[in-house]
file entry_28.pdb (PDB, C-alpha atoms, pLDDT in the B column)
ATOM      1  CA  MET C   1      -0.640 -78.229  44.395  1.00 43.00           C
ATOM      2  CA  ASN C   2       1.054 -74.943  43.555  1.00 69.00           C
ATOM      3  CA  ASP C   3      -0.860 -71.680  43.659  1.00 88.00           C
ATOM      4  CA  PRO C   4       0.509 -69.379  40.928  1.00 90.00           C
ATOM      5  CA  LEU C   5      -0.729 -66.170  42.600  1.00 89.00           C
ATOM      6  CA  LYS C   6       0.809 -67.090  45.930  1.00 91.00           C
ATOM      7  CA  ASP C   7       4.038 -68.154  44.206  1.00 93.00           C
ATOM      8  CA  MET C   8       4.176 -64.849  42.338  1.00 94.00           C
ATOM      9  CA  LEU C   9       3.711 -62.796  45.511  1.00 96.00           C
ATOM     10  CA  LEU C  10       6.328 -64.822  47.388  1.00 96.00           C
ATOM     11  CA  ASP C  11       8.742 -64.323  44.490  1.00 97.00           C
ATOM     12  CA  LEU C  12       8.089 -60.562  44.355  1.00 96.00           C
ATOM     13  CA  PHE C  13       8.606 -60.055  48.072  1.00 98.00           C
ATOM     14  CA  GLY C  14      11.666 -62.323  47.886  1.00 97.00           C
ATOM     15  CA  ARG C  15      13.160 -59.917  45.371  1.00 97.00           C
ATOM     16  CA  VAL C  16      12.832 -57.131  47.941  1.00 98.00           C
ATOM     17  CA  ASP C  17      14.887 -59.274  50.317  1.00 97.00           C
ATOM     18  CA  GLU C  18      17.572 -59.638  47.609  1.00 97.00           C
ATOM     19  CA  HIS C  19      17.646 -55.861  47.042  1.00 97.00           C
ATOM     20  CA  VAL C  20      18.062 -55.244  50.765  1.00 98.00           C
ATOM     21  CA  ARG C  21      20.930 -57.738  51.032  1.00 97.00           C
ATOM     22  CA  ASP C  22      22.611 -56.283  47.916  1.00 96.00           C
ATOM     23  CA  ALA C  23      22.389 -52.763  49.338  1.00 97.00           C
ATOM     24  CA  VAL C  24      23.513 -53.544  52.893  1.00 98.00           C
ATOM     25  CA  ASP C  25      25.416 -56.818  53.231  1.00 97.00           C
ATOM     26  CA  GLY C  26      29.136 -56.226  53.802  1.00 96.00           C
ATOM     27  CA  ILE C  27      28.876 -52.439  53.586  1.00 97.00           C
ATOM     28  CA  ASP C  28      31.133 -50.128  55.550  1.00 96.00           C
ATOM     29  CA  PRO C  29      28.794 -49.127  58.422  1.00 96.00           C
ATOM     30  CA  GLU C  30      29.756 -45.456  58.031  1.00 96.00           C
ATOM     31  CA  LEU C  31      28.228 -45.433  54.537  1.00 97.00           C
ATOM     32  CA  LEU C  32      24.768 -46.193  55.938  1.00 98.00           C
ATOM     33  CA  LEU C  33      24.399 -42.569  57.060  1.00 97.00           C
ATOM     34  CA  VAL C  34      26.099 -40.792  54.140  1.00 97.00           C
ATOM     35  CA  THR C  35      24.062 -38.998  51.492  1.00 95.00           C
ATOM     36  CA  PRO C  36      25.479 -38.690  47.967  1.00 92.00           C
ATOM     37  CA  GLU C  37      24.238 -35.089  47.844  1.00 92.00           C
ATOM     38  CA  PRO C  38      22.562 -32.824  50.405  1.00 91.00           C
ATOM     39  CA  GLY C  39      18.845 -33.561  50.637  1.00 90.00           C
ATOM     40  CA  CYS C  40      19.180 -37.141  49.386  1.00 94.00           C
ATOM     41  CA  ASN C  41      18.295 -40.135  51.527  1.00 97.00           C
ATOM     42  CA  PRO C  42      21.093 -42.355  52.868  1.00 98.00           C
ATOM     43  CA  ILE C  43      21.105 -46.126  52.531  1.00 98.00           C
ATOM     44  CA  GLY C  44      20.235 -46.630  56.196  1.00 98.00           C
ATOM     45  CA  TRP C  45      17.103 -44.525  55.906  1.00 98.00           C
ATOM     46  CA  LEU C  46      16.033 -46.058  52.567  1.00 98.00           C
ATOM     47  CA  VAL C  47      16.256 -49.635  53.836  1.00 98.00           C
ATOM     48  CA  TRP C  48      14.698 -48.710  57.196  1.00 98.00           C
ATOM     49  CA  HIS C  49      11.825 -46.969  55.397  1.00 98.00           C
ATOM     50  CA  LEU C  50      11.075 -49.785  52.951  1.00 98.00           C
ATOM     51  CA  THR C  51      11.069 -52.229  55.844  1.00 98.00           C
ATOM     52  CA  ARG C  52       8.844 -49.963  57.938  1.00 98.00           C
ATOM     53  CA  VAL C  53       6.390 -49.691  55.014  1.00 97.00           C
ATOM     54  CA  GLN C  54       6.194 -53.464  54.689  1.00 98.00           C
ATOM     55  CA  ASP C  55       5.972 -53.927  58.460  1.00 98.00           C
ATOM     56  CA  SER C  56       3.218 -51.367  58.994  1.00 97.00           C
ATOM     57  CA  HIS C  57       1.073 -52.437  56.048  1.00 97.00           C
ATOM     58  CA  ILE C  58       1.359 -56.177  56.651  1.00 98.00           C
ATOM     59  CA  ALA C  59       0.565 -55.649  60.341  1.00 97.00           C
ATOM     60  CA  GLU C  60      -2.517 -53.699  59.291  1.00 96.00           C
ATOM     61  CA  LEU C  61      -3.609 -56.574  57.038  1.00 96.00           C
ATOM     62  CA  THR C  62      -3.008 -59.230  59.692  1.00 96.00           C
ATOM     63  CA  GLY C  63      -4.235 -57.241  62.668  1.00 95.00           C
ATOM     64  CA  ASP C  64      -0.963 -57.967  64.469  1.00 95.00           C
ATOM     65  CA  LEU C  65       1.427 -55.573  66.176  1.00 95.00           C
ATOM     66  CA  GLN C  66       4.210 -54.271  63.991  1.00 97.00           C
ATOM     67  CA  VAL C  67       7.529 -56.082  64.399  1.00 97.00           C
ATOM     68  CA  TRP C  68       9.013 -52.606  64.958  1.00 96.00           C
ATOM     69  CA  ALA C  69       7.019 -52.032  68.116  1.00 90.00           C
ATOM     70  CA  ALA C  70       6.680 -55.621  69.326  1.00 89.00           C
ATOM     71  CA  ASP C  71      10.263 -56.833  69.022  1.00 89.00           C
ATOM     72  CA  GLY C  72      12.388 -53.901  70.229  1.00 91.00           C
ATOM     73  CA  TRP C  73      13.983 -52.929  66.925  1.00 97.00           C
ATOM     74  CA  ALA C  74      13.548 -49.177  67.415  1.00 96.00           C
ATOM     75  CA  ALA C  75      16.416 -48.927  69.911  1.00 95.00           C
ATOM     76  CA  ARG C  76      18.846 -50.271  67.291  1.00 97.00           C
ATOM     77  CA  PHE C  77      17.930 -47.284  65.123  1.00 97.00           C
ATOM     78  CA  GLY C  78      18.113 -44.620  67.831  1.00 96.00           C
ATOM     79  CA  LEU C  79      14.338 -44.163  67.689  1.00 97.00           C
ATOM     80  CA  GLU C  80      11.251 -44.658  69.803  1.00 94.00           C
ATOM     81  CA  PRO C  81       8.999 -47.624  68.900  1.00 94.00           C
ATOM     82  CA  ASP C  82       6.338 -45.308  67.446  1.00 95.00           C
ATOM     83  CA  PRO C  83       4.253 -47.423  65.034  1.00 95.00           C
ATOM     84  CA  GLU C  84       3.333 -44.263  63.097  1.00 95.00           C
ATOM     85  CA  ASN C  85       6.969 -43.434  62.320  1.00 96.00           C
ATOM     86  CA  HIS C  86       7.592 -45.129  58.985  1.00 95.00           C
ATOM     87  CA  GLY C  87       9.244 -42.364  57.002  1.00 96.00           C
ATOM     88  CA  TYR C  88       6.330 -40.858  55.089  1.00 94.00           C
ATOM     89  CA  GLY C  89       6.761 -37.093  55.104  1.00 94.00           C
ATOM     90  CA  HIS C  90      10.190 -37.156  56.723  1.00 96.00           C
ATOM     91  CA  GLY C  91      12.221 -34.002  56.311  1.00 95.00           C
ATOM     92  CA  PRO C  92      16.022 -33.817  56.523  1.00 95.00           C
ATOM     93  CA  ALA C  93      16.130 -33.771  60.343  1.00 95.00           C
ATOM     94  CA  GLU C  94      13.872 -36.834  60.624  1.00 96.00           C
ATOM     95  CA  VAL C  95      15.876 -38.680  57.963  1.00 97.00           C
ATOM     96  CA  ALA C  96      19.102 -37.910  59.848  1.00 96.00           C
ATOM     97  CA  ALA C  97      17.546 -39.194  63.100  1.00 97.00           C
ATOM     98  CA  VAL C  98      17.314 -42.731  61.661  1.00 98.00           C
ATOM     99  CA  ARG C  99      20.668 -44.129  62.766  1.00 97.00           C
ATOM    100  CA  PRO C 100      20.952 -47.904  62.462  1.00 98.00           C
ATOM    101  CA  ASP C 101      23.718 -49.277  64.681  1.00 96.00           C
ATOM    102  CA  GLY C 102      25.115 -51.146  61.676  1.00 97.00           C
ATOM    103  CA  PRO C 103      24.207 -53.354  58.733  1.00 98.00           C
ATOM    104  CA  ASP C 104      23.032 -56.139  61.052  1.00 98.00           C
ATOM    105  CA  ALA C 105      20.271 -53.904  62.444  1.00 98.00           C
ATOM    106  CA  LEU C 106      18.919 -53.291  58.944  1.00 98.00           C
ATOM    107  CA  LEU C 107      19.301 -56.896  57.825  1.00 98.00           C
ATOM    108  CA  GLY C 108      17.883 -58.305  61.066  1.00 98.00           C
ATOM    109  CA  TYR C 109      14.862 -56.036  61.151  1.00 98.00           C
ATOM    110  CA  HIS C 110      14.171 -56.632  57.479  1.00 98.00           C
ATOM    111  CA  GLU C 111      14.450 -60.412  57.869  1.00 98.00           C
ATOM    112  CA  ALA C 112      12.075 -60.388  60.854  1.00 98.00           C
ATOM    113  CA  VAL C 113       9.520 -58.440  58.823  1.00 98.00           C
ATOM    114  CA  ALA C 114      10.100 -60.556  55.690  1.00 98.00           C
ATOM    115  CA  ALA C 115       9.584 -63.785  57.662  1.00 98.00           C
ATOM    116  CA  ARG C 116       6.228 -62.535  58.944  1.00 98.00           C
ATOM    117  CA  THR C 117       5.295 -61.415  55.422  1.00 98.00           C
ATOM    118  CA  ARG C 118       6.157 -64.837  53.960  1.00 98.00           C
ATOM    119  CA  THR C 119       4.025 -66.572  56.589  1.00 97.00           C
ATOM    120  CA  PHE C 120       1.144 -64.237  55.807  1.00 97.00           C
ATOM    121  CA  LEU C 121       1.474 -64.719  52.040  1.00 97.00           C
ATOM    122  CA  GLN C 122       1.618 -68.509  52.365  1.00 96.00           C
ATOM    123  CA  GLY C 123      -1.778 -68.487  54.068  1.00 95.00           C
ATOM    124  CA  LEU C 124      -3.557 -66.314  51.490  1.00 94.00           C
ATOM    125  CA  THR C 125      -6.327 -67.530  49.221  1.00 92.00           C
ATOM    126  CA  ALA C 126      -7.758 -65.993  46.063  1.00 89.00           C
ATOM    127  CA  THR C 127     -10.764 -64.952  48.147  1.00 93.00           C
ATOM    128  CA  ASP C 128      -8.458 -63.114  50.569  1.00 95.00           C
ATOM    129  CA  LEU C 129      -6.828 -61.218  47.716  1.00 94.00           C
ATOM    130  CA  ALA C 130     -10.217 -59.920  46.547  1.00 95.00           C
ATOM    131  CA  LYS C 131     -11.188 -58.538  49.984  1.00 96.00           C
ATOM    132  CA  ILE C 132     -11.552 -54.773  50.290  1.00 96.00           C
ATOM    133  CA  VAL C 133      -8.964 -53.531  52.820  1.00 95.00           C
ATOM    134  CA  ASP C 134      -9.289 -49.760  52.379  1.00 93.00           C
ATOM    135  CA  LYS C 135     -12.517 -47.984  51.476  1.00 95.00           C
ATOM    136  CA  ARG C 136     -10.946 -44.492  51.556  1.00 94.00           C
ATOM    137  CA  TRP C 137     -10.061 -44.740  47.855  1.00 92.00           C
ATOM    138  CA  ASP C 138     -12.167 -44.820  44.710  1.00 93.00           C
ATOM    139  CA  PRO C 139     -12.168 -47.603  43.750  1.00 95.00           C
ATOM    140  CA  PRO C 140     -11.718 -49.236  47.144  1.00 96.00           C
ATOM    141  CA  VAL C 141      -8.372 -51.020  47.603  1.00 96.00           C
ATOM    142  CA  THR C 142      -8.309 -54.810  47.596  1.00 97.00           C
ATOM    143  CA  MET C 143      -5.725 -56.850  49.449  1.00 96.00           C
ATOM    144  CA  ALA C 144      -4.121 -57.755  46.105  1.00 95.00           C
ATOM    145  CA  VAL C 145      -3.747 -54.084  45.167  1.00 96.00           C
ATOM    146  CA  ARG C 146      -2.348 -53.239  48.624  1.00 97.00           C
ATOM    147  CA  LEU C 147       0.242 -56.013  48.352  1.00 98.00           C
ATOM    148  CA  VAL C 148       1.308 -54.790  44.902  1.00 96.00           C
ATOM    149  CA  SER C 149       1.589 -51.257  46.298  1.00 96.00           C
ATOM    150  CA  ILE C 150       3.785 -52.448  49.181  1.00 98.00           C
ATOM    151  CA  VAL C 151       6.129 -54.468  46.998  1.00 97.00           C
ATOM    152  CA  ASP C 152       6.330 -51.692  44.383  1.00 97.00           C
ATOM    153  CA  ASP C 153       7.361 -49.144  47.029  1.00 97.00           C
ATOM    154  CA  ASP C 154       9.861 -51.587  48.537  1.00 98.00           C
ATOM    155  CA  ILE C 155      11.487 -52.475  45.213  1.00 97.00           C
ATOM    156  CA  GLN C 156      11.863 -48.806  44.293  1.00 97.00           C
ATOM    157  CA  HIS C 157      13.567 -47.964  47.597  1.00 98.00           C
ATOM    158  CA  GLY C 158      15.726 -51.087  47.431  1.00 98.00           C
ATOM    159  CA  GLY C 159      16.942 -49.998  43.998  1.00 97.00           C
ATOM    160  CA  GLN C 160      17.613 -46.504  45.309  1.00 97.00           C
ATOM    161  CA  ALA C 161      19.664 -47.921  48.195  1.00 98.00           C
ATOM    162  CA  ALA C 162      21.726 -50.062  45.811  1.00 97.00           C
ATOM    163  CA  TYR C 163      22.293 -47.054  43.565  1.00 97.00           C
ATOM    164  CA  VAL C 164      23.420 -44.886  46.496  1.00 97.00           C
ATOM    165  CA  ARG C 165      25.783 -47.658  47.635  1.00 97.00           C
ATOM    166  CA  GLY C 166      27.306 -47.806  44.154  1.00 96.00           C
ATOM    167  CA  LEU C 167      27.802 -44.036  44.111  1.00 96.00           C
ATOM    168  CA  LEU C 168      29.382 -43.931  47.567  1.00 96.00           C
ATOM    169  CA  GLU C 169      31.708 -46.875  47.022  1.00 94.00           C
ATOM    170  CA  ARG C 170      33.057 -45.291  43.835  1.00 92.00           C
ATOM    171  CA  ARG C 171      34.135 -42.103  45.611  1.00 84.00           C
TER     172      ARG C 171
END
call {"tool": "encode", "arguments": {"input": "entry_28.pdb", "output": "structure tokens"}}
result
Amino acid sequence: MNDPLKDMLLDLFGRVDEHVRDAVDGIDPELLLVTPEPGCNPIGWLVWHLTRVQDSHIAELTGDLQVWAADGWAARFGLEPDPENHGYGHGPAEVAAVRPDGPDALLGYHEAVAARTRTFLQGLTATDLAKIVDKRWDPPVTMAVRLVSIVDDDIQHGGQAAYVRGLLERR
């Protein structure tokens, strides 16, 4: 029997995967590090960040290690496998330090994270979605709210990456 909530979440996170592929697949690798204007985020950073957000939050929900730290992805981005480095609060120097070695690094890391996310989502129940996962907020955050927050952030950054690609390829 189908579970409409589970199907909806799988569809939403699947849309993030589509945005990532649209922004990165077949791109000139040099464009991954180019900003359309000073102070803007490049495609490589945007896709890295949205994937790091999903990776860190899903790992927190599952209690597993982040794919970033467990599977050696950091080296392909010129970074240390610091699980706290996910892009929040990055200034220009930190943004510039994220240097994927090409589109395959972004696509591979994202797919590894997305596969773990799909497995997690497929095992969820309605009871799981109602669980409180963060009491630091008022009201406390449920798993359902956290998942919506993750996918919302990811879709926004995926759209930004696609927009930046369109700008750069028209130059």
call {"tool": "closest_residue", "arguments": {"input": "entry_28.pdb", "among": "C:Ala114, C:Ala74, C:Ile27, C:Ala96", "to": "Gly39 of chain C", "atoms": "all atoms listed in the file"}}
result
C:Ala96
call {"tool": "resolve_selection", "arguments": {"input": "entry_28.pdb", "expression": "the PyMOL selection byres ((chain C and resi 132) around 7)", "output": "compact mmCIF listing (two decimals) with C-alpha atoms, in the coordinates of the input"}}
result
# COMPACT_ATOMS: atom_id res chain seq x y z
CA ALA C 130 -10.22 -59.92 46.55
CA LYS C 131 -11.19 -58.54 49.98
CA VAL C 133 -8.96 -53.53 52.82
CA ASP C 134 -9.29 -49.76 52.38
CA LYS C 135 -12.52 -47.98 51.48
CA PRO C 140 -11.72 -49.24 47.14
CA VAL C 141 -8.37 -51.02 47.60
CA THR C 142 -8.31 -54.81 47.60
CA MET C 143 -5.72 -56.85 49.45
call {"tool": "closest_residue", "arguments": {"input": "entry_28.pdb", "among": "C:Asp128, C:Asp101, C:Glu169, C:Asp55", "to": "Pro83 of chain C", "atoms": "all atoms listed in the file"}}
result
C:Asp55
call {"tool": "residues_around", "arguments": {"input": "entry_28.pdb", "residues": "segment 46-51 of chain C", "least_positions_apart": "4", "cutoff": "8 Å", "atoms": "only C-alpha atoms", "output": "number ranges by chain"}}
result
C: 20, 41-42, 55, 86-87, 98, 106, 109-110, 113, 153-154, 157-158, 160-161
call {"tool": "axis_aligned_box", "arguments": {"input": "entry_28.pdb", "around": "segment 68-75 of chain C", "padding_each_side": "4 Å", "output": "AutoDock Vina command-line options"}}
result
--center_x 11.5 --center_y -52.9 --center_z 67.6 --size_x 17.7 --size_y 15.9 --size_z 13.3
call {"tool": "resolve_selection", "arguments": {"input": "entry_28.pdb", "expression": "the PyMOL selection byres ((chain C and resi 69) around 10)", "output": "PyMOL selection string"}}
result
chain C and resi 55-56+65-68+70-74+80-84
call {"tool": "closest_residue", "arguments": {"input": "entry_28.pdb", "among": "C:Tyr88, C:Phe13, C:Phe120, C:Trp137", "to": "Thr62 of chain C", "atoms": "only C-alpha atoms"}}
result
C:Phe120
call {"tool": "atom_distance", "arguments": {"input": "entry_28.pdb", "atom1": "atom CA of Val34 of chain C", "atom2": "atom CA of Arg52 of chain C"}}
result
19.9 Å
call {"tool": "closest_residue", "arguments": {"input": "entry_28.pdb", "among": "C:Arg99, C:Ala93, C:Gly63, C:Val164", "to": "Gly78 of chain C", "atoms": "all atoms listed in the file"}}
result
C:Arg99
